[in-house]
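Colleague: So here's structure_38.cif (mmCIF, C-alpha atoms).
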```
data_input
loop_
_atom_site.group_PDB
_atom_site.id
_atom_site.type_symbol
_atom_site.label_atom_id
_atom_site.label_comp_id
_atom_site.auth_asym_id
_atom_site.auth_seq_id
_atom_site.Cartn_x
_atom_site.Cartn_y
_atom_site.Cartn_z
ATOM 1 C CA MET U 1 -37.007 -63.734 21.443
ATOM 2 C CA PRO U 2 -35.674 -63.385 17.895
ATOM 3 C CA ILE U 3 -31.934 -62.853 17.548
ATOM 4 C CA SER U 4 -32.408 -59.573 15.664
ATOM 5 C CA SER U 5 -34.184 -57.979 18.650
ATOM 6 C CA ARG U 6 -31.279 -58.857 20.978
ATOM 7 C CA GLN U 7 -28.515 -57.452 18.790
ATOM 8 C CA PRO U 8 -29.060 -53.722 19.494
ATOM 9 C CA SER U 9 -28.541 -54.279 23.217
ATOM 10 C CA ARG U 10 -25.148 -55.844 22.514
ATOM 11 C CA ARG U 11 -24.007 -52.755 20.616
ATOM 12 C CA CYS U 12 -25.347 -50.326 23.243
ATOM 13 C CA PRO U 13 -25.413 -52.252 26.498
ATOM 14 C CA LEU U 14 -27.501 -51.294 29.476
ATOM 15 C CA THR U 15 -25.331 -51.008 32.571
ATOM 16 C CA SER U 16 -26.566 -50.684 36.116
ATOM 17 C CA ARG U 17 -25.297 -49.975 39.609
ATOM 18 C CA CYS U 18 -26.935 -50.075 43.013
ATOM 19 C CA ALA U 19 -26.034 -48.352 46.293
ATOM 20 C CA GLU U 20 -27.542 -48.790 49.741
ATOM 21 C CA GLY U 21 -28.202 -45.729 51.905
ATOM 22 C CA ILE U 22 -26.529 -45.366 55.290
ATOM 23 C CA GLY U 23 -27.132 -43.063 58.248
ATOM 24 C CA GLU U 24 -30.084 -40.765 57.592
ATOM 25 C CA HIS U 25 -30.605 -42.517 54.222
ATOM 26 C CA ALA U 26 -30.809 -46.030 55.698
ATOM 27 C CA GLY U 27 -33.595 -48.010 54.032
ATOM 28 C CA HIS U 28 -33.191 -46.213 50.713
ATOM 29 C CA HIS U 29 -31.440 -47.595 47.644
ATOM 30 C CA ARG U 30 -30.100 -45.743 44.615
ATOM 31 C CA LEU U 31 -30.402 -47.525 41.263
ATOM 32 C CA ILE U 32 -28.422 -46.111 38.356
ATOM 33 C CA PHE U 33 -28.967 -47.261 34.770
ATOM 34 C CA THR U 34 -26.863 -46.107 31.805
ATOM 35 C CA HIS U 35 -27.828 -46.681 28.166
ATOM 36 C CA ARG U 36 -26.876 -44.879 24.949
ATOM 37 C CA GLY U 37 -25.322 -41.899 26.673
ATOM 38 C CA ARG U 38 -28.213 -41.337 29.092
ATOM 39 C CA VAL U 39 -28.357 -41.978 32.815
ATOM 40 C CA LEU U 40 -31.493 -42.795 34.823
ATOM 41 C CA ARG U 41 -31.039 -42.504 38.594
ATOM 42 C CA LEU U 42 -33.794 -43.737 40.898
ATOM 43 C CA THR U 43 -33.921 -43.519 44.670
ATOM 44 C CA VAL U 44 -36.375 -45.962 46.201
ATOM 45 C CA ASP U 45 -37.559 -46.452 49.784
ATOM 46 C CA ALA U 46 -37.683 -49.721 51.733
ATOM 47 C CA ALA U 47 -41.057 -50.584 50.151
ATOM 48 C CA GLY U 48 -39.668 -50.064 46.638
ATOM 49 C CA ALA U 49 -41.567 -46.837 45.958
ATOM 50 C CA ILE U 50 -39.682 -44.270 43.871
ATOM 51 C CA VAL U 51 -38.946 -41.206 46.010
ATOM 52 C CA TYR U 52 -36.653 -39.452 43.515
ATOM 53 C CA ARG U 53 -36.096 -39.849 39.777
ATOM 54 C CA VAL U 54 -33.788 -37.991 37.420
ATOM 55 C CA MET U 55 -32.551 -38.609 33.859
ATOM 56 C CA PHE U 56 -29.551 -36.830 32.384
ATOM 57 C CA ALA U 57 -26.606 -37.079 30.016
ATOM 58 C CA PRO U 58 -23.387 -37.772 31.935
ATOM 59 C CA PRO U 59 -20.651 -35.143 31.851
ATOM 60 C CA PRO U 60 -17.804 -35.785 29.404
ATOM 61 C CA PRO U 61 -14.822 -37.665 30.799
ATOM 62 C CA ALA U 62 -12.326 -35.410 32.554
ATOM 63 C CA ARG U 63 -9.275 -34.606 30.538
ATOM 64 C CA ARG U 64 -6.109 -35.883 32.090
ATOM 65 C CA ARG U 65 -2.888 -33.948 31.881
ATOM 66 C CA VAL U 66 -0.006 -36.119 30.694
ATOM 67 C CA ASN U 67 3.572 -35.115 31.455
ATOM 68 C CA ILE U 68 6.003 -36.247 28.796
ATOM 69 C CA GLY U 69 9.621 -36.365 29.822
ATOM 70 C CA SER U 70 11.180 -34.705 32.849
#
```
Output the structure of this file as structure tokens.
Modeller:
Amino acid sequence: MPISSRQPSRRCPLTSRCAEGIGEHAGHHRLIFTHRGRVLRLTVDAAGAIVYRVMFAPPPPARRRVNIGS
């Protein structure tokens, strides 16, 4: 792979997370991918078939209230 084709991914990395279902969701896994301000969330069954798919822009970070002095 040429170096130039790898550089964009370094500037806008692809991040991922995985969660395993428990209880009534046992056997399912949730895969979450984030890239360039977009989120792809997949829920797959034990066989790996996609049972739910959604893509969205994440909400903006919550604003934190800072108390200065007391």
Colleague: Compile the contact shell of Ala19 (chain U) as a VMD selection string: residues with an atom at most 12 Å away, counting all atoms listed in the file, same-chain residues fewer than 6 positions apart removed.
Modeller: chain U and resid 25 to 33 41 to 44
Colleague: Please evaluate the PyMOL selection byres ((chain U and resi 14) around 6) against the structure above and give the resulting residues as number ranges by chain.
Modeller: U: 13, 15, 34-35
Colleague: May I have the residues at most 6 Å from (-29.1, -36.5, 29.0) in the file's coordinates, counting all atoms listed in the file, as a ChimeraX atom specification?
Modeller: /U:38,56-57
Colleague: Write the selection just made, keeping C-alpha atoms, as a JSON list (two decimals), keeping the file's coordinate frame?
Modeller:
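Written out: out_7.json:
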```
[["chain", "number", "residue", "atom", "x", "y", "z"],
["U", 38, "ARG", "CA", -28.21, -41.34, 29.09],
["U", 56, "PHE", "CA", -29.55, -36.83, 32.38],
["U", 57, "ALA", "CA", -26.61, -37.08, 30.02]]
```
Colleague: Take CA of Gly21 (chain U) and CA of Pro58 (chain U) and report the distance between them in Å, one decimal.
Modeller: 22.0 Å
Colleague: Report, in Å with one decimal, the straight-line distance from CA of Cys18 (chain U) to CA of Leu40 (chain U).
Modeller: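 Distance reported for this atom pair: 11.9 Å.
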Colleague: Could you state the separation of CA of Glu20 (chain U) and CA of Ile50 (chain U) in Å, given to one decimal place?
Modeller: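 Straight-line distance from CA of Glu20 (chain U) to CA of Ile50 (chain U) works out to 14.2 Å.
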Colleague: Give the padded box for region 29-42 of chain U as lines of an AutoDock Vina configuration file: axis-aligned, covering all atoms listed in the file, 5 Å on each side, centre and edge lengths in Å to one decimal.
Modeller:
```
center_x = -29.6
center_y = -44.5
center_z = 36.3
size_x = 18.5
size_y = 16.3
size_z = 32.7
```
